$ cat work22.cif   # mmCIF, C-alpha atoms
data_upload
#
loop_
_atom_site.group_PDB
_atom_site.id
_atom_site.type_symbol
_atom_site.label_atom_id
_atom_site.label_comp_id
_atom_site.auth_asym_id
_atom_site.auth_seq_id
_atom_site.Cartn_x
_atom_site.Cartn_y
_atom_site.Cartn_z
ATOM 1 C CA MET A 13 7.183 -6.437 -1.914
ATOM 2 C CA THR A 14 6.224 -9.091 0.590
ATOM 3 C CA VAL A 15 4.750 -7.762 3.844
ATOM 4 C CA PRO A 16 4.066 -9.625 7.122
ATOM 5 C CA GLU A 17 0.870 -11.696 6.966
ATOM 6 C CA THR A 18 -0.450 -9.888 10.062
ATOM 7 C CA TYR A 19 -1.015 -6.819 7.827
ATOM 8 C CA GLY A 20 -3.800 -8.696 6.001
ATOM 9 C CA LEU A 21 -2.259 -8.252 2.551
ATOM 10 C CA GLY A 22 -0.316 -10.416 0.156
ATOM 11 C CA PRO A 23 2.684 -9.065 -1.747
ATOM 12 C CA ILE A 24 2.306 -5.428 -2.787
ATOM 13 C CA LYS A 25 2.952 -4.817 -6.477
ATOM 14 C CA VAL A 26 3.796 -1.379 -7.828
ATOM 15 C CA ASN A 27 1.871 -1.016 -11.092
ATOM 16 C CA ALA A 28 2.933 2.501 -12.077
ATOM 17 C CA ILE A 29 4.845 5.537 -10.885
ATOM 18 C CA THR A 30 3.727 8.887 -12.226
ATOM 19 C CA GLY A 31 5.083 12.334 -11.474
ATOM 20 C CA SER A 32 3.109 12.607 -8.242
ATOM 21 C CA ARG A 33 1.576 9.182 -7.445
ATOM 22 C CA VAL A 34 2.500 5.551 -6.888
ATOM 23 C CA GLU A 35 -0.142 3.061 -8.088
ATOM 24 C CA MET A 36 -0.070 -0.235 -6.137
ATOM 25 C CA ALA A 37 -2.155 -3.394 -5.818
ATOM 26 C CA ALA A 38 -2.201 -6.277 -3.340
ATOM 27 C CA PRO A 39 -4.310 -9.385 -2.755
ATOM 28 C CA LEU A 40 -6.297 -9.482 0.483
ATOM 29 C CA LYS A 41 -5.455 -12.158 3.052
ATOM 30 C CA GLY A 42 -8.257 -11.435 5.537
ATOM 31 C CA SER A 43 -11.997 -10.865 5.634
ATOM 32 C CA GLY A 44 -11.905 -7.074 5.667
ATOM 33 C CA PHE A 45 -9.924 -4.081 4.512
ATOM 34 C CA SER A 46 -9.559 -0.498 5.658
ATOM 35 C CA VAL A 47 -7.325 2.356 4.557
ATOM 36 C CA SER A 48 -6.974 5.942 5.719
ATOM 37 C CA GLY A 49 -4.566 8.609 4.602
ATOM 38 C CA CYS A 50 -4.225 8.050 0.836
ATOM 39 C CA ALA A 51 -6.613 7.406 -2.018
ATOM 40 C CA GLY A 52 -7.653 3.753 -2.076
ATOM 41 C CA GLY A 53 -9.966 1.644 -4.118
ATOM 42 C CA GLY A 54 -10.462 -1.700 -5.797
ATOM 43 C CA GLY A 55 -12.519 -4.777 -5.203
ATOM 44 C CA VAL A 56 -12.677 -6.298 -1.733
ATOM 45 C CA SER A 57 -13.752 -9.924 -1.416
ATOM 46 C CA SER A 58 -12.246 -12.612 0.793
ATOM 47 C CA GLU A 59 -14.149 -15.513 -0.815
ATOM 48 C CA SER A 60 -12.803 -14.950 -4.313
ATOM 49 C CA GLY A 61 -9.303 -13.889 -3.301
ATOM 50 C CA GLY A 62 -10.049 -10.247 -4.090
ATOM 51 C CA GLY A 63 -7.548 -7.474 -3.931
ATOM 52 C CA VAL A 64 -7.208 -3.786 -3.370
ATOM 53 C CA GLY A 65 -5.675 -0.916 -5.307
ATOM 54 C CA LEU A 66 -3.926 2.073 -3.753
ATOM 55 C CA SER A 67 -2.857 5.370 -5.273
ATOM 56 C CA CYS A 68 -0.610 7.356 -2.950
ATOM 57 C CA GLY A 69 1.410 10.521 -3.308
ATOM 58 C CA GLU A 70 4.262 11.872 -1.215
ATOM 59 C CA GLY A 71 3.161 12.989 2.197
ATOM 60 C CA PRO A 72 1.442 11.571 5.258
ATOM 61 C CA ALA A 73 1.487 7.813 5.717
ATOM 62 C CA ALA A 74 -1.569 5.717 4.942
ATOM 63 C CA THR A 75 -2.775 3.344 7.656
ATOM 64 C CA ILE A 76 -3.915 0.005 6.240
ATOM 65 C CA ASN A 77 -6.038 -2.458 8.242
ATOM 66 C CA ASP A 78 -5.107 -0.485 11.387
ATOM 67 C CA THR A 79 -1.849 -2.505 11.438
ATOM 68 C CA MET A 80 0.390 -1.229 8.641
ATOM 69 C CA SER A 81 1.779 2.193 7.819
ATOM 70 C CA LEU A 82 2.707 2.883 4.174
ATOM 71 C CA LYS A 83 4.376 6.164 3.278
ATOM 72 C CA VAL A 84 5.588 7.397 -0.089
ATOM 73 C CA VAL A 85 8.771 9.148 1.034
ATOM 74 C CA GLU A 86 9.942 10.345 -2.370
ATOM 75 C CA ILE A 87 9.102 9.932 -6.059
ATOM 76 C CA ARG A 88 12.005 10.212 -8.532
ATOM 77 C CA ASP A 89 10.968 9.922 -12.194
ATOM 78 C CA THR A 90 10.359 6.154 -12.542
ATOM 79 C CA ALA A 91 11.402 5.153 -8.991
ATOM 80 C CA ALA A 92 9.841 5.696 -5.592
ATOM 81 C CA VAL A 93 10.981 5.318 -1.994
ATOM 82 C CA LEU A 94 8.332 3.634 0.178
ATOM 83 C CA ARG A 95 8.404 3.165 3.950
ATOM 84 C CA ILE A 96 6.355 0.238 5.288
ATOM 85 C CA GLU A 97 6.230 -0.368 9.031
ATOM 86 C CA PRO A 98 3.795 -1.345 11.790
ATOM 87 C CA ALA A 99 1.110 1.289 12.381
ATOM 88 C CA GLY A 100 1.273 3.078 15.641
#
$ encode --input "work22.cif" --output "structure tokens"
Amino acid sequence: MTVPETYGLGPIKVNAITGSRVEMAAPLKGSGFSVSGCAGGGGVSSESGGGVGLSCGEGPAATINDTMSLKVVEIRDTAAVLRIEPAG
């Protein structure tokens, strides 16, 4: 999924959907990265075009880079409904 460049991320790729989690990854487009509200991890490096990994379950939205809200609305077997919108 392509997101607005102002969010500081490149296209978000869903790597896996399990019974309770959605595993995602995205390249970083800025010099920093922050996430609150879901489990995050991965390498962060702007010089080498680093990326970030996210593992989120259904529930409260995660706030990414203080600009983007990402919520896993529902997980259905091998599909998931995600809501991405400006944070606020």
$ atom_distance --input "work22.cif" --atom1 "atom CA of A:Pro72" --atom2 "atom CA of A:Lys41"
24.8 Å
$ resolve_selection --input "work22.cif" --expression "the PyMOL selection byres ((chain A and resi 46) around 6)" --output "list in words"
Phe45, Val47, Ile76 and Asn77 of chain A
$ atom_distance --input "work22.cif" --atom1 "atom CA of A:Thr30" --atom2 "atom CA of A:Ser67"
10.2 Å
$ resolve_selection --input "work22.cif" --expression "the PyMOL selection byres ((chain A and resi 89) around 8)" --output "NGL selection string"
:A and (29-31 or 87-88 or 90-92)
$ atom_distance --input "work22.cif" --atom1 "atom CA of A:Ala73" --atom2 "atom CA of A:Gly42"
21.6 Å
$ closest_residue --input "work22.cif" --among "A:Ser81, A:Thr18, A:Ser32, A:Ser43" --to "A:Pro98" --atoms "only C-alpha atoms"
A:Ser81
$ resolve_selection --input "work22.cif" --expression "the PyMOL selection byres ((chain A and resi 71) around 10)" --output "count of residues only"
12
$ closest_residue --input "work22.cif" --among "A:Leu21, A:Leu82, A:Val34, A:Val26" --to "A:Ser48" --atoms "all atoms listed in the file"
A:Leu82
$ closest_residue --input "work22.cif" --among "A:Ile96, A:Met80, A:Leu66, A:Leu40" --to "A:Tyr19" --atoms "all atoms listed in the file"
A:Met80
